[in-house]
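Asker: If you scroll down you'll find the structure; I have some questions about it.
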Amino acid sequence: MPDLALVMLGAGSSSRFNQRVKKQWLRIEETPLWLYATQNLQQLFPFKQIIVTTTPDEHFYAGKFSDTITFVEGGATRQESLANALLHVNTPYVLVSDIARPCIDQAMLVRILAEMENNDIVVPYLPVVDTVVYEDATINRDHVKLIQTPQLSRTEMLRKALQTSSLYTDDSSAIKAMGGKVAYVLGNPEAKKLTCKEDSATIPCLKAPSSTPFVGQGFDVHAFEEGKVMMLGGVKVHPTTGFKAHSDGDVAIHALIDALLGAAGAGDIGELFPDNDQRYKDIDSKFLLKEVCSFLAKVGFEIVHCDITVMAEFPRLSAFKDKIRFTLANIMAISPIHVNVKATTTEKLGFVGRCEGVAVSATATLKYYDWTNV
């Protein structure tokens with residue numbers, strides 16, 4: 001077996017997919033598309049390395065799915081992302097594919113591997129069966145090829161080919177431009193690229209997401225601090241006694257964020273918004289919740305329900321519970337009936353009972369976004 005690395009490109013913006021979820025994170029049953037496509041190729045060949053490019057804001061989350069894949073932050077273009085990935089490749093050959101091609105089969109890969117020794121790059125293609133018109137002139141369709149991935153390159157040749165200011169939409173164009181030897185092999189119509197939502201109906205290996213619900217828990221406490229406004233659940237509940245915190249100290253939103261992240265398996269609030277980062281000094285916690293909700297939507301989740309219990313002797317919260325519910329529901333874009341807020345005391349026990357601060361526990365339920373029903 002040749003020493004071969006696999007690079008999966010998944011750092012695109014997914015703008016043409018035009019859905020609330022990025023196509024990289026469509027769940028195929030339980031598995032995100034980028035991992036599904038990677039595992040599909042992984043079972044076809046024993047790669048020495050597997051490298052996946054991600055967007056910077058999703059890099060930390062992708063890494064939670066595997067400790068055997070090398071995750072690399074992508075760039076502004078496909079070419080830049082690939083160049084970043086190649087910095088980590090230490091094999092003489094590299095197979096480069098797009099996470100948006102999840103249905104590559106063994107026969108197609110065998111055809112590619114068979115041509116690797118005598119060429120700088122091997123490229124799968126589909127022949128054109130329809131009449132082709134270019135700038136009002138009919139051209140010979142036998143001279144036209146529809147290029148696919150994966151493409152197999154000599155690693156050093158591909159590195160050199162990408163050291164240019166010219167932009168190429170695939171690897172073979174870059175290698176051909178520097179005089180490299182290109183071999184074309186027959187691709188597979190089923191190895192279609194998922195670009196628009198409509199494409200999903202014609203890609204046979206894609207299955208609907210699982211309906212499994214996911215529940216997370218969050219808990220947070222903050223001590224009181226005089227001379228600050230108290231924000232709780234996004235609502236101003238006291239004008240002069242607030243919370244000691246790096247942010248505005250909204251303990252209810254912080255517990256809710258941890259519950260949401262817990263349900264998604266995405267760590268905790270401190271990983272996303274560290275309390276030693278000056279960007280979050282005195283920040284409105286509603287902004288942090290909006291950021292988390294946006295992240296959850298991009299990586300394929302919907303918020304189903306949340307339940308919050310505020311433990312406080314002071315202040316009394318009965319007049320604020322509904323306003324908190326409606327405020328949080330609006331941020332999370334769910335019905336207010338799916339946000340429950342409870343307030344209780346600790347019967348004078350503990351730091352809460354001594355009126356030193358407030359504690360909040362929260363649970364949240366998520367489900368996968370069902371892209372098949374849109």
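Chains: A, B, ... in order of the structure tokens. Residues: from 1 per chain. Ligands: from 1, in order shown.
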Determine, for each residue of range 233-264 of chain A having at least one atom at most 10 Å from an atom of range 348-359 of chain A, the closest pair of atoms and their separation in Å to one decimal, counting only C-alpha atoms; order by chain and ascending number, as JSON lines.
Answerer:
{"residue": "A:Gly242", "atom": "CA", "partner": "A:Gly357", "partner_atom": "CA", "distance": 9.2}
{"residue": "A:Phe243", "atom": "CA", "partner": "A:Gly357", "partner_atom": "CA", "distance": 7.6}
{"residue": "A:Lys244", "atom": "CA", "partner": "A:Gly357", "partner_atom": "CA", "distance": 9.1}
{"residue": "A:Asp250", "atom": "CA", "partner": "A:Val358", "partner_atom": "CA", "distance": 10.0}
{"residue": "A:Val251", "atom": "CA", "partner": "A:Ala359", "partner_atom": "CA", "distance": 7.1}
{"residue": "A:Ala252", "atom": "CA", "partner": "A:Ala359", "partner_atom": "CA", "distance": 8.1}
{"residue": "A:Ala255", "atom": "CA", "partner": "A:Ala359", "partner_atom": "CA", "distance": 9.0}
Asker: Fewer than 4 positions away in the same chain doesn't count, so skip those; otherwise give me all residues within 10 Å of Ala333 in chain A, counting only C-alpha atoms, as a PyMOL selection string.
Answerer: chain A and resi 290+293+302-303+327-329
Asker: Tell me, as a PyMOL selection string, which residues lie within 9 Å of Pro213 in chain A, counting only C-alpha atoms; anything in the same chain fewer than 6 positions away does not count.
Answerer: chain A and resi 263+304+365-368
Asker: From range 30-238 of chain A, collect each residue whose DSSP state is alpha helix (DSSP H) and return the set as a tab-separated table (two decimals) with N, CA, C and O atoms, in the first residue's frame.
Answerer:
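result_14.tsv, freshly written:
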chain	number	residue	atom	x	y	z
A	33	LEU	N	-22.12	15.57	8.20
A	33	LEU	CA	-21.73	15.25	6.83
A	33	LEU	C	-20.22	15.19	6.65
A	33	LEU	O	-19.70	14.29	5.97
A	34	TRP	N	-19.46	16.13	7.26
A	34	TRP	CA	-18.01	16.13	7.07
A	34	TRP	C	-17.38	14.84	7.59
A	34	TRP	O	-16.45	14.30	6.98
A	35	LEU	N	-17.91	14.32	8.71
A	35	LEU	CA	-17.37	13.09	9.27
A	35	LEU	C	-17.86	11.88	8.50
A	35	LEU	O	-17.12	10.92	8.29
A	36	TYR	N	-19.10	11.92	8.04
A	36	TYR	CA	-19.66	10.83	7.24
A	36	TYR	C	-18.84	10.64	5.97
A	36	TYR	O	-18.48	9.51	5.62
A	37	ALA	N	-18.54	11.75	5.27
A	37	ALA	CA	-17.77	11.66	4.04
A	37	ALA	C	-16.34	11.18	4.30
A	37	ALA	O	-15.76	10.42	3.52
A	38	THR	N	-15.77	11.63	5.43
A	38	THR	CA	-14.42	11.20	5.80
A	38	THR	C	-14.39	9.72	6.12
A	38	THR	O	-13.51	8.98	5.65
A	39	GLN	N	-15.33	9.25	6.91
A	39	GLN	CA	-15.37	7.84	7.28
A	39	GLN	C	-15.66	6.96	6.07
A	39	GLN	O	-15.16	5.81	6.00
A	40	ASN	N	-16.41	7.46	5.11
A	40	ASN	CA	-16.67	6.70	3.89
A	40	ASN	C	-15.36	6.38	3.17
A	40	ASN	O	-15.13	5.23	2.75
A	41	LEU	N	-14.48	7.37	3.01
A	41	LEU	CA	-13.19	7.13	2.36
A	41	LEU	C	-12.25	6.34	3.27
A	41	LEU	O	-11.46	5.51	2.79
A	42	GLN	N	-12.34	6.58	4.55
A	42	GLN	CA	-11.46	5.90	5.51
A	42	GLN	C	-11.66	4.38	5.47
A	42	GLN	O	-10.70	3.61	5.66
A	59	HIS	N	-13.83	25.06	14.62
A	59	HIS	CA	-12.65	24.22	14.77
A	59	HIS	C	-12.68	23.45	16.11
A	59	HIS	O	-12.43	22.25	16.16
A	60	PHE	N	-13.01	24.15	17.20
A	60	PHE	CA	-12.99	23.51	18.51
A	60	PHE	C	-14.03	22.40	18.60
A	60	PHE	O	-13.81	21.35	19.23
A	61	TYR	N	-15.19	22.60	17.95
A	61	TYR	CA	-16.28	21.63	18.05
A	61	TYR	C	-15.98	20.39	17.21
A	61	TYR	O	-16.21	19.26	17.66
A	62	ALA	N	-15.45	20.58	16.01
A	62	ALA	CA	-15.10	19.44	15.17
A	62	ALA	C	-14.12	18.53	15.88
A	62	ALA	O	-14.21	17.30	15.81
A	78	ARG	N	-10.88	27.93	-1.08
A	78	ARG	CA	-10.56	26.50	-1.11
A	78	ARG	C	-9.06	26.30	-1.21
A	78	ARG	O	-8.47	25.45	-0.54
A	79	GLN	N	-8.43	27.09	-2.08
A	79	GLN	CA	-7.00	26.97	-2.31
A	79	GLN	C	-6.19	27.26	-1.04
A	79	GLN	O	-5.23	26.56	-0.73
A	80	GLU	N	-6.60	28.29	-0.32
A	80	GLU	CA	-5.90	28.64	0.91
A	80	GLU	C	-6.10	27.56	1.96
A	80	GLU	O	-5.17	27.21	2.71
A	81	SER	N	-7.30	27.00	2.04
A	81	SER	CA	-7.56	25.92	2.99
A	81	SER	C	-6.69	24.71	2.68
A	81	SER	O	-6.12	24.09	3.60
A	82	LEU	N	-6.60	24.37	1.40
A	82	LEU	CA	-5.78	23.23	1.01
A	82	LEU	C	-4.31	23.47	1.32
A	82	LEU	O	-3.61	22.58	1.82
A	83	ALA	N	-3.83	24.67	1.06
A	83	ALA	CA	-2.43	25.00	1.37
A	83	ALA	C	-2.17	24.86	2.87
A	83	ALA	O	-1.12	24.34	3.27
A	84	ASN	N	-3.11	25.28	3.69
A	84	ASN	CA	-2.97	25.12	5.14
A	84	ASN	C	-2.89	23.64	5.52
A	84	ASN	O	-2.08	23.24	6.36
A	85	ALA	N	-3.75	22.82	4.90
A	85	ALA	CA	-3.75	21.39	5.21
A	85	ALA	C	-2.45	20.72	4.77
A	85	ALA	O	-1.92	19.86	5.48
A	86	LEU	N	-1.91	21.12	3.63
A	86	LEU	CA	-0.69	20.49	3.11
A	86	LEU	C	0.52	20.74	4.00
A	86	LEU	O	1.50	19.98	3.94
A	106	GLN	N	-15.67	2.28	-3.85
A	106	GLN	CA	-14.39	1.58	-3.95
A	106	GLN	C	-13.88	1.55	-5.38
A	106	GLN	O	-12.68	1.76	-5.62
A	107	ALA	N	-14.74	1.26	-6.34
A	107	ALA	CA	-14.30	1.13	-7.73
A	107	ALA	C	-13.70	2.43	-8.25
A	107	ALA	O	-12.69	2.43	-8.97
A	108	MET	N	-14.31	3.55	-7.90
A	108	MET	CA	-13.79	4.86	-8.33
A	108	MET	C	-12.41	5.11	-7.72
A	108	MET	O	-11.49	5.56	-8.42
A	109	LEU	N	-12.25	4.78	-6.44
A	109	LEU	CA	-10.95	4.98	-5.80
A	109	LEU	C	-9.89	4.06	-6.39
A	109	LEU	O	-8.75	4.47	-6.59
A	110	VAL	N	-10.26	2.83	-6.70
A	110	VAL	CA	-9.30	1.90	-7.33
A	110	VAL	C	-8.82	2.44	-8.67
A	110	VAL	O	-7.63	2.36	-9.00
A	111	ARG	N	-9.70	3.01	-9.46
A	111	ARG	CA	-9.29	3.59	-10.76
A	111	ARG	C	-8.30	4.73	-10.57
A	111	ARG	O	-7.36	4.90	-11.35
A	112	ILE	N	-8.52	5.52	-9.53
A	112	ILE	CA	-7.61	6.64	-9.25
A	112	ILE	C	-6.25	6.12	-8.82
A	112	ILE	O	-5.20	6.55	-9.32
A	113	LEU	N	-6.23	5.17	-7.89
A	113	LEU	CA	-4.97	4.64	-7.37
A	113	LEU	C	-4.15	3.94	-8.45
A	113	LEU	O	-2.91	3.97	-8.41
A	155	THR	N	2.51	15.08	-3.40
A	155	THR	CA	2.35	16.12	-2.39
A	155	THR	C	3.20	17.35	-2.70
A	155	THR	O	2.71	18.49	-2.66
A	156	GLU	N	4.47	17.15	-3.02
A	156	GLU	CA	5.35	18.29	-3.26
A	156	GLU	C	4.93	19.07	-4.50
A	156	GLU	O	5.02	20.29	-4.53
A	157	MET	N	4.48	18.35	-5.52
A	157	MET	CA	4.01	19.02	-6.73
A	157	MET	C	2.80	19.89	-6.43
A	157	MET	O	2.69	21.03	-6.89
A	158	LEU	N	1.88	19.37	-5.61
A	158	LEU	CA	0.69	20.14	-5.28
A	158	LEU	C	1.05	21.34	-4.42
A	158	LEU	O	0.51	22.44	-4.62
A	159	ARG	N	1.96	21.19	-3.49
A	159	ARG	CA	2.40	22.33	-2.67
A	159	ARG	C	2.94	23.45	-3.55
A	159	ARG	O	2.60	24.62	-3.39
A	160	LYS	N	3.81	23.08	-4.49
A	160	LYS	CA	4.41	24.08	-5.38
A	160	LYS	C	3.36	24.74	-6.26
A	160	LYS	O	3.39	25.95	-6.51
A	161	ALA	N	2.41	23.94	-6.73
A	161	ALA	CA	1.38	24.46	-7.63
A	161	ALA	C	0.50	25.50	-6.96
A	161	ALA	O	-0.03	26.40	-7.63
A	171	ASP	N	-7.51	21.02	-7.87
A	171	ASP	CA	-6.08	20.78	-7.78
A	171	ASP	C	-5.46	20.58	-9.16
A	171	ASP	O	-4.34	21.02	-9.42
A	172	SER	N	-6.18	19.89	-10.04
A	172	SER	CA	-5.60	19.57	-11.35
A	172	SER	C	-5.33	20.82	-12.17
A	172	SER	O	-4.36	20.88	-12.92
A	173	SER	N	-6.16	21.84	-12.04
A	173	SER	CA	-5.94	23.08	-12.78
A	173	SER	C	-4.63	23.74	-12.35
A	173	SER	O	-3.88	24.28	-13.18
A	174	ALA	N	-4.35	23.69	-11.06
A	174	ALA	CA	-3.12	24.29	-10.54
A	174	ALA	C	-1.89	23.51	-11.00
A	174	ALA	O	-0.88	24.09	-11.43
A	175	ILE	N	-1.97	22.18	-10.95
A	175	ILE	CA	-0.83	21.36	-11.37
A	175	ILE	C	-0.63	21.44	-12.87
A	175	ILE	O	0.51	21.51	-13.36
A	176	LYS	N	-1.70	21.46	-13.61
A	176	LYS	CA	-1.58	21.58	-15.07
A	176	LYS	C	-0.93	22.90	-15.46
A	176	LYS	O	-0.12	22.98	-16.39
A	177	ALA	N	-1.25	23.98	-14.71
A	177	ALA	CA	-0.71	25.30	-15.02
A	177	ALA	C	0.82	25.35	-14.87
A	177	ALA	O	1.48	26.18	-15.51
Asker: Please identify all polymer residues within 12 Å of Ala343 in chain A, counting only C-alpha atoms, omitting same-chain residues fewer than 5 positions from it, and present them as a list in words.
Answerer: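 Once the nearby chain positions are removed, what remains is Leu232, Gly233, Ala252, Asp307, Ile308, Thr309, Val310, Met311, Ala312, Glu313, Phe314, Pro315, Arg316, Leu317, Ser318, Ala319, Phe320, Lys321, Asp322, Ile324, Val358, Ala359, Val360, Ser361 and Ala362 of chain A.
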Asker: Near Ser335 in chain A, within 10 Å and counting only C-alpha atoms, which residues show up once chain neighbours fewer than 3 positions away are dropped, as a PyMOL selection string?
Answerer: chain A and resi 304-305+325-326+328-330+332+338-339
Asker: How close does each residue of range 112-214 of chain A get to range 9-32 of chain A, giving the shortest atom pair and distance in Å to one decimal for every residue with an atom at most 9 Å away, counting only C-alpha atoms, sorted by chain and residue number, as a Markdown table?
Answerer:
| residue | atom | partner | partner_atom | distance |
| --- | --- | --- | --- | --- |
| A:Leu194 | CA | A:Lys23 | CA | 8.0 |
| A:Thr195 | CA | A:Phe17 | CA | 5.7 |
| A:Cys196 | CA | A:Phe17 | CA | 4.3 |
| A:Lys197 | CA | A:Phe17 | CA | 5.5 |
| A:Glu198 | CA | A:Phe17 | CA | 8.7 |
| A:Cys205 | CA | A:Ile28 | CA | 8.9 |
| A:Leu206 | CA | A:Ile28 | CA | 6.1 |
| A:Lys207 | CA | A:Ile28 | CA | 5.2 |
| A:Ala208 | CA | A:Glu29 | CA | 5.7 |
| A:Pro209 | CA | A:Glu29 | CA | 4.0 |
| A:Ser210 | CA | A:Glu29 | CA | 4.5 |
| A:Ser211 | CA | A:Glu29 | CA | 8.3 |
| A:Thr212 | CA | A:Glu30 | CA | 8.6 |
Asker: For the residues in the current selection, export C-alpha atoms as a CSV table (one decimal), in the first residue's frame.
Answerer:
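The result, written out as again.csv:
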chain,number,residue,atom,x,y,z
A,194,LEU,CA,-23.9,18.6,-2.5
A,195,THR,CA,-24.0,22.3,-3.4
A,196,CYS,CA,-27.7,23.3,-3.2
A,197,LYS,CA,-30.5,21.9,-1.0
A,198,GLU,CA,-32.1,20.3,-4.1
A,205,CYS,CA,-26.2,7.6,0.5
A,206,LEU,CA,-27.8,10.5,2.4
A,207,LYS,CA,-30.2,9.5,5.2
A,208,ALA,CA,-32.4,11.6,7.3
A,209,PRO,CA,-31.2,12.8,10.7
A,210,SER,CA,-31.9,10.8,13.9
A,211,SER,CA,-34.9,12.0,16.0
A,212,THR,CA,-32.9,11.4,19.2
Asker: What's the 10 Å shell around Arg141 in chain A, counting only C-alpha atoms, without same-chain residues fewer than 2 positions away, as a ChimeraX atom specification?
Answerer: /A:127-133,138-139,143-145
Asker: With distances taken over only C-alpha atoms, which of A:Glu58, A:Thr363, A:Asn90, A:Phe219 is nearest to Val292 in chain A?
Answerer: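 Looking only at the distances to Val292 in chain A, the closest residue turns out to be A:Glu58.
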Asker: How far is it from CA of Gly180 in chain A to CA of Gln163 in chain A, in Å with one decimal?
Answerer: 14.3 Å
Asker: Between A:Gly218, A:Pro124, A:Gly249, A:Pro150, which residue has the minimum interatomic distance to Asn188 in chain A, considering only C-alpha atoms?
Answerer: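 Between A:Gly218, A:Pro124, A:Gly249, A:Pro150, the residue approaching Asn188 in chain A most closely is A:Pro124.
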Asker: Just the number, please: distance in Å from CA of Val229 in chain A to CA of Thr241 in chain A, one decimal.
Answerer: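 Value for the CA of Val229 in chain A-CA of Thr241 in chain A distance: 5.9 Å.
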Asker: Would you please work out which residue, of A:Ser97, A:Thr240, A:Thr164, A:Thr53, is nearest to Ala191 in chain A when using only C-alpha atoms?
Answerer: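 Comparing A:Ser97, A:Thr240, A:Thr164, A:Thr53 against Ala191 in chain A, the winner is A:Ser97.
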Asker: CA of Gln148 in chain A and CA of Val299 in chain A, how far apart in Å?
Answerer: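 Between these atoms lies a distance of 25.9 Å.
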